[in-house]
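First the structure, in the form of structure tokens, and then the observations on it.
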Amino acid sequence: MGIFNNIFKKKEENTEAIINQLSDNKHFVSENDFLEKFGAIALEKQRNLFSVTGGLSWNVDIGKEEITFGDDLTFPMQVLGSFSHSSETWLWIWENKAGGYAESVMKQALLLKQYGEENNIDLLTVGKFDALDNDLHLIGMIAVEMFNLSGYYLGNYGQGTMVVTIKSDVIDNSESEELSRILTVFPELISTFEIQNHKNAFTNYLSQKGYKLTVNGNEIKAEKNENIINAVFNENNLLVQLNGNS
């Protein structure tokens, strides 16, 4: 478990005007819409993050807007908010008036709030609400995709869990075996979150990864290089079979 070097803002600083950094080509209007469009690709990034930082201790310096893993892996970060273990509530950082945080560390959270207001997404606009573990992951995944980040981290500091986002070429360039990752990530996504249409989520995921898709009724064949993935869905578009070979 990490220790906060500087949990409170040292001194109010002037920050740049918030620029709309949201990805122009990524749009969603509900939690399910996000999960079907971008959920799998966002979850996959966590595999890269874990391959670089997994098992290492963590430490956050809010003043420097940095998170460090182990002795020398330091990355820039943004804070989205925190989850209280005692009240089981989520609190967006912009709603945490007592924290006295600098606006610069919450730029992404503020932009997500703006996006939520424009698209009527309560998850992004309600400052404090009763939450489940999956809500923390979903909030992190949304930020990662909307800002093209490397991943999100859930930092358990005892009384609560802070959700931060990270951008790093070290994480982005982490090597992985693509076929086995897809066959692991997609089942993990649909078992973790309630997604209305698995077929849509699978199609979006494999298309984003550059696979050529052949649809035959409820069966989809995805091909890329020497990798072949076959998926079968039922009449409700829920996954019933998934396999692949290379």
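If you're wondering about the labels, chains in the structure tokens are A, B, ... by order shown, residues count from 1 in each chain, ligands from 1 in order shown.
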Do you have, as a Markdown table, the list of residues of region 24-123 of chain A lying at most 9 Å from region 138-162 of chain A, each with its nearest atom pair and that distance in Å to one decimal, counting only C-alpha atoms and ordered by chain then number?
```
| residue | atom | partner | partner_atom | distance |
| --- | --- | --- | --- | --- |
| A:Asp24 | CA | A:Met146 | CA | 8.7 |
| A:Lys26 | CA | A:Met146 | CA | 6.6 |
| A:His27 | CA | A:Met146 | CA | 8.3 |
| A:Glu31 | CA | A:Leu138 | CA | 8.2 |
| A:Phe34 | CA | A:Ile142 | CA | 7.5 |
| A:Leu35 | CA | A:Leu138 | CA | 8.5 |
| A:Phe38 | CA | A:Glu145 | CA | 7.1 |
| A:Gly39 | CA | A:Met141 | CA | 7.1 |
| A:Ile41 | CA | A:Glu145 | CA | 8.2 |
| A:Ala42 | CA | A:Met141 | CA | 5.5 |
| A:Leu43 | CA | A:Met141 | CA | 6.8 |
| A:Lys45 | CA | A:Gly151 | CA | 5.8 |
| A:Gln46 | CA | A:Gly151 | CA | 5.6 |
| A:Arg47 | CA | A:Gly151 | CA | 8.9 |
| A:Asn48 | CA | A:Ser150 | CA | 8.0 |
| A:Leu49 | CA | A:Gly151 | CA | 6.2 |
| A:Trp58 | CA | A:Gly155 | CA | 7.6 |
| A:Asn59 | CA | A:Gly155 | CA | 8.7 |
| A:Val60 | CA | A:Gly155 | CA | 8.8 |
| A:Val79 | CA | A:Met162 | CA | 7.5 |
| A:Leu80 | CA | A:Met162 | CA | 7.7 |
| A:Gly81 | CA | A:Met162 | CA | 6.0 |
| A:Ser82 | CA | A:Met162 | CA | 4.2 |
| A:Phe83 | CA | A:Thr161 | CA | 5.1 |
| A:Ser84 | CA | A:Gly160 | CA | 4.5 |
| A:His85 | CA | A:Gly160 | CA | 5.0 |
| A:Ser86 | CA | A:Gln159 | CA | 7.2 |
| A:Glu88 | CA | A:Gly160 | CA | 8.9 |
| A:Gln108 | CA | A:Ala143 | CA | 7.3 |
| A:Ala109 | CA | A:Ala143 | CA | 8.1 |
| A:Leu112 | CA | A:Ala143 | CA | 7.5 |
| A:Leu123 | CA | A:Ile139 | CA | 7.9 |
```
Within 8 Å of Glu194 (chain A), counting only C-alpha atoms, which residues show up once you throw out same-chain ones fewer than 3 positions away? Write them as a list in words, please.
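In the requested form, the answer reads Asn32, Ile190 and Ser191 of chain A.
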All residues 7 Å or closer to Asn119 (chain A), only C-alpha atoms, same chain fewer than 3 positions away omitted, as a list in words:
Val29, Tyr115 and Gly116 of chain A
Neighbour list for Leu73 (chain A) as a list in words, cut-off 12 Å, only C-alpha atoms, skip fewer than 4 positions in-chain:
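Close residues of Leu73 (chain A): Leu49, Val52, Thr53, Gly54, Leu56, Ser57, Trp58, Asn59, Val60, Glu66, Ile67, Thr68, Phe69, Ile166, Ser168, Val170 and Ile171 of chain A.
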Save the residues we just selected, C-alpha atoms, as an mmCIF file, in the first residue's frame?
```cif
data_model
loop_
_atom_site.group_PDB
_atom_site.id
_atom_site.type_symbol
_atom_site.label_atom_id
_atom_site.label_comp_id
_atom_site.auth_asym_id
_atom_site.auth_seq_id
_atom_site.Cartn_x
_atom_site.Cartn_y
_atom_site.Cartn_z
ATOM 1 C CA LEU A 49 -0.118 -1.648 -16.991
ATOM 2 C CA VAL A 52 4.944 -3.138 -15.938
ATOM 3 C CA THR A 53 3.793 -2.309 -12.390
ATOM 4 C CA GLY A 54 2.210 -5.483 -11.039
ATOM 5 C CA LEU A 56 5.266 -3.182 -6.956
ATOM 6 C CA SER A 57 4.536 -0.794 -4.092
ATOM 7 C CA TRP A 58 3.019 2.530 -5.071
ATOM 8 C CA ASN A 59 3.376 6.079 -3.874
ATOM 9 C CA VAL A 60 1.518 9.226 -4.926
ATOM 10 C CA GLU A 66 3.112 11.847 -10.109
ATOM 11 C CA ILE A 67 2.723 8.215 -9.137
ATOM 12 C CA THR A 68 5.745 6.011 -8.449
ATOM 13 C CA PHE A 69 5.880 2.216 -8.508
ATOM 14 C CA ILE A 166 -1.471 7.226 -16.178
ATOM 15 C CA SER A 168 3.495 6.327 -20.374
ATOM 16 C CA VAL A 170 6.791 2.314 -21.286
ATOM 17 C CA ILE A 171 3.331 0.916 -20.587
#
```
Residues at most 9 Å from Asn236 (chain A), counting only C-alpha atoms, excluding those fewer than 6 positions away in the same chain, as a VMD selection string?
chain A and resid 196 to 198
With all heavy atoms retained, write the just-selected residues as a compact mmCIF listing (two decimals), in the first residue's frame.
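The file below, again34.txt, is the result:
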```txt
# COMPACT_ATOMS: atom_id res chain seq x y z
N GLN A 196 -25.38 -5.44 -22.64
CA GLN A 196 -26.61 -5.87 -23.30
C GLN A 196 -26.33 -6.70 -24.55
O GLN A 196 -27.01 -7.69 -24.80
CB GLN A 196 -27.46 -4.66 -23.66
CG GLN A 196 -27.98 -3.89 -22.45
CD GLN A 196 -28.71 -2.63 -22.84
OE1 GLN A 196 -28.95 -2.36 -24.01
NE2 GLN A 196 -29.08 -1.83 -21.84
N ASN A 197 -25.35 -6.31 -25.34
CA ASN A 197 -25.11 -6.96 -26.63
C ASN A 197 -23.64 -7.35 -26.75
O ASN A 197 -22.79 -6.55 -27.12
CB ASN A 197 -25.51 -6.01 -27.77
CG ASN A 197 -25.58 -6.70 -29.11
OD1 ASN A 197 -24.70 -7.46 -29.49
ND2 ASN A 197 -26.64 -6.42 -29.86
N HIS A 198 -23.34 -8.61 -26.44
CA HIS A 198 -21.97 -9.10 -26.52
C HIS A 198 -21.45 -9.07 -27.95
O HIS A 198 -20.26 -8.85 -28.19
CB HIS A 198 -21.88 -10.54 -26.01
CG HIS A 198 -22.17 -10.67 -24.55
ND1 HIS A 198 -22.24 -11.90 -23.92
CD2 HIS A 198 -22.41 -9.74 -23.59
CE1 HIS A 198 -22.51 -11.72 -22.63
NE2 HIS A 198 -22.61 -10.41 -22.42
```
Nearby residues (only C-alpha atoms) at most 8 Å from Gln241 (chain A), same-chain spacing under 3 positions excluded, as a count of residues only
4
DSSP-assigned alpha helix (DSSP H) among region 6-244 of chain A, expressed as a PyMOL selection string:
chain A and resi 31-34+40-53+107-119+122-125+133-146+169-172+178-192+198-208
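With only C-alpha atoms as the atoms that count, the minimum distance from Leu136 (chain A) to the choices A:Leu91, A:Val240, A:Leu189, A:Ile121 is reached by A:Leu91.
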Can you check which residues of region 117-190 of chain A DSSP gives as strand (DSSP E) on the backbone and send them as a list in words?
Lys128, Phe129, Asp130, Gly151, Tyr152, Tyr153, Leu154, Gly155, Asn156, Gly160, Thr161, Met162, Val163, Val164, Thr165 and Ile166 of chain A
For the residues in that selection, give me all heavy atoms as a compact mmCIF listing (two decimals), in the first residue's frame.
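As written to disk, result-v5.txt reads:
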```txt
# COMPACT_ATOMS: atom_id res chain seq x y z
N LYS A 128 -21.16 12.73 -5.63
CA LYS A 128 -20.98 11.67 -4.63
C LYS A 128 -22.15 10.71 -4.73
O LYS A 128 -23.30 11.14 -4.81
CB LYS A 128 -20.91 12.28 -3.23
CG LYS A 128 -20.66 11.28 -2.11
CD LYS A 128 -20.58 11.98 -0.76
CE LYS A 128 -20.29 11.00 0.37
NZ LYS A 128 -20.21 11.68 1.70
N PHE A 129 -21.84 9.42 -4.74
CA PHE A 129 -22.92 8.44 -4.85
C PHE A 129 -22.47 7.09 -4.29
O PHE A 129 -21.27 6.80 -4.21
CB PHE A 129 -23.39 8.28 -6.30
CG PHE A 129 -22.31 7.86 -7.27
CD1 PHE A 129 -22.01 6.53 -7.49
CD2 PHE A 129 -21.58 8.83 -7.98
CE1 PHE A 129 -21.02 6.15 -8.39
CE2 PHE A 129 -20.59 8.47 -8.88
CZ PHE A 129 -20.31 7.12 -9.08
N ASP A 130 -23.44 6.27 -3.89
CA ASP A 130 -23.15 4.91 -3.45
C ASP A 130 -22.55 4.14 -4.63
O ASP A 130 -23.09 4.18 -5.74
CB ASP A 130 -24.42 4.20 -2.97
CG ASP A 130 -25.00 4.86 -1.71
OD1 ASP A 130 -24.24 5.53 -0.99
OD2 ASP A 130 -26.21 4.69 -1.47
N GLY A 151 -3.56 3.65 -18.94
CA GLY A 151 -4.26 2.82 -17.98
C GLY A 151 -4.69 3.64 -16.78
O GLY A 151 -4.39 4.83 -16.66
N TYR A 152 -5.42 2.99 -15.88
CA TYR A 152 -5.83 3.61 -14.63
C TYR A 152 -5.35 2.72 -13.48
O TYR A 152 -5.14 1.51 -13.66
CB TYR A 152 -7.35 3.79 -14.57
CG TYR A 152 -8.12 2.50 -14.56
CD1 TYR A 152 -8.47 1.85 -13.36
CD2 TYR A 152 -8.49 1.87 -15.75
CE1 TYR A 152 -9.16 0.65 -13.36
CE2 TYR A 152 -9.19 0.68 -15.75
CZ TYR A 152 -9.52 0.06 -14.57
OH TYR A 152 -10.19 -1.13 -14.56
N TYR A 153 -5.21 3.32 -12.32
CA TYR A 153 -4.72 2.56 -11.17
C TYR A 153 -5.63 2.82 -9.97
O TYR A 153 -5.99 3.97 -9.71
CB TYR A 153 -3.28 2.95 -10.82
CG TYR A 153 -2.67 2.08 -9.75
CD1 TYR A 153 -2.24 0.79 -10.05
CD2 TYR A 153 -2.54 2.54 -8.44
CE1 TYR A 153 -1.69 -0.02 -9.07
CE2 TYR A 153 -1.99 1.73 -7.46
CZ TYR A 153 -1.56 0.45 -7.78
OH TYR A 153 -1.03 -0.35 -6.81
N LEU A 154 -5.99 1.74 -9.27
CA LEU A 154 -6.78 1.85 -8.05
C LEU A 154 -5.83 1.73 -6.86
O LEU A 154 -5.32 0.64 -6.58
CB LEU A 154 -7.85 0.74 -7.98
CG LEU A 154 -8.80 0.61 -9.16
CD1 LEU A 154 -9.89 -0.43 -8.85
CD2 LEU A 154 -9.44 1.94 -9.51
N GLY A 155 -5.56 2.86 -6.23
CA GLY A 155 -4.62 2.89 -5.12
C GLY A 155 -5.32 2.80 -3.78
O GLY A 155 -5.95 3.75 -3.34
N ASN A 156 -5.21 1.66 -3.13
CA ASN A 156 -5.83 1.44 -1.82
C ASN A 156 -4.92 2.03 -0.74
O ASN A 156 -3.81 1.55 -0.53
CB ASN A 156 -6.05 -0.05 -1.59
CG ASN A 156 -6.80 -0.34 -0.30
OD1 ASN A 156 -6.75 0.41 0.66
ND2 ASN A 156 -7.50 -1.46 -0.29
N GLY A 160 -9.57 4.33 2.03
CA GLY A 160 -10.26 4.43 0.76
C GLY A 160 -9.38 3.99 -0.39
O GLY A 160 -8.25 3.52 -0.21
N THR A 161 -9.91 4.13 -1.59
CA THR A 161 -9.19 3.79 -2.81
C THR A 161 -9.25 4.96 -3.76
O THR A 161 -10.33 5.45 -4.09
CB THR A 161 -9.79 2.55 -3.49
OG1 THR A 161 -9.67 1.42 -2.62
CG2 THR A 161 -9.08 2.26 -4.80
N MET A 162 -8.10 5.44 -4.18
CA MET A 162 -8.02 6.56 -5.13
C MET A 162 -7.88 6.01 -6.54
O MET A 162 -7.15 5.05 -6.78
CB MET A 162 -6.82 7.44 -4.79
CG MET A 162 -6.57 8.56 -5.77
SD MET A 162 -5.21 9.66 -5.25
CE MET A 162 -6.04 10.66 -4.02
N VAL A 163 -8.58 6.63 -7.48
CA VAL A 163 -8.48 6.23 -8.88
C VAL A 163 -7.70 7.30 -9.63
O VAL A 163 -8.09 8.47 -9.65
CB VAL A 163 -9.87 6.05 -9.51
CG1 VAL A 163 -9.73 5.61 -10.97
CG2 VAL A 163 -10.69 5.02 -8.74
N VAL A 164 -6.58 6.89 -10.21
CA VAL A 164 -5.73 7.82 -10.96
C VAL A 164 -5.52 7.27 -12.36
O VAL A 164 -5.63 6.07 -12.61
CB VAL A 164 -4.37 8.04 -10.27
CG1 VAL A 164 -4.56 8.52 -8.84
CG2 VAL A 164 -3.52 6.77 -10.29
N THR A 165 -5.21 8.16 -13.30
CA THR A 165 -4.90 7.74 -14.67
C THR A 165 -3.44 8.00 -14.96
O THR A 165 -2.81 8.88 -14.38
CB THR A 165 -5.77 8.50 -15.69
OG1 THR A 165 -5.49 9.91 -15.61
CG2 THR A 165 -7.24 8.25 -15.43
N ILE A 166 -2.90 7.21 -15.88
CA ILE A 166 -1.47 7.23 -16.18
C ILE A 166 -1.26 7.22 -17.69
O ILE A 166 -1.99 6.55 -18.44
CB ILE A 166 -0.77 5.99 -15.58
CG1 ILE A 166 -0.95 5.96 -14.06
CG2 ILE A 166 0.71 5.96 -15.96
CD1 ILE A 166 -0.53 4.63 -13.44
```
Which one of A:Asp72, A:Glu235, A:Glu188, A:Glu178 sits closest to Tyr211 (chain A) if you count only C-alpha atoms?
A:Glu178
So which one's closest to Pro76 (chain A), A:Asp169, A:Glu44, A:Glu103, A:Asn200? Using only C-alpha atoms, please.
A:Asp169
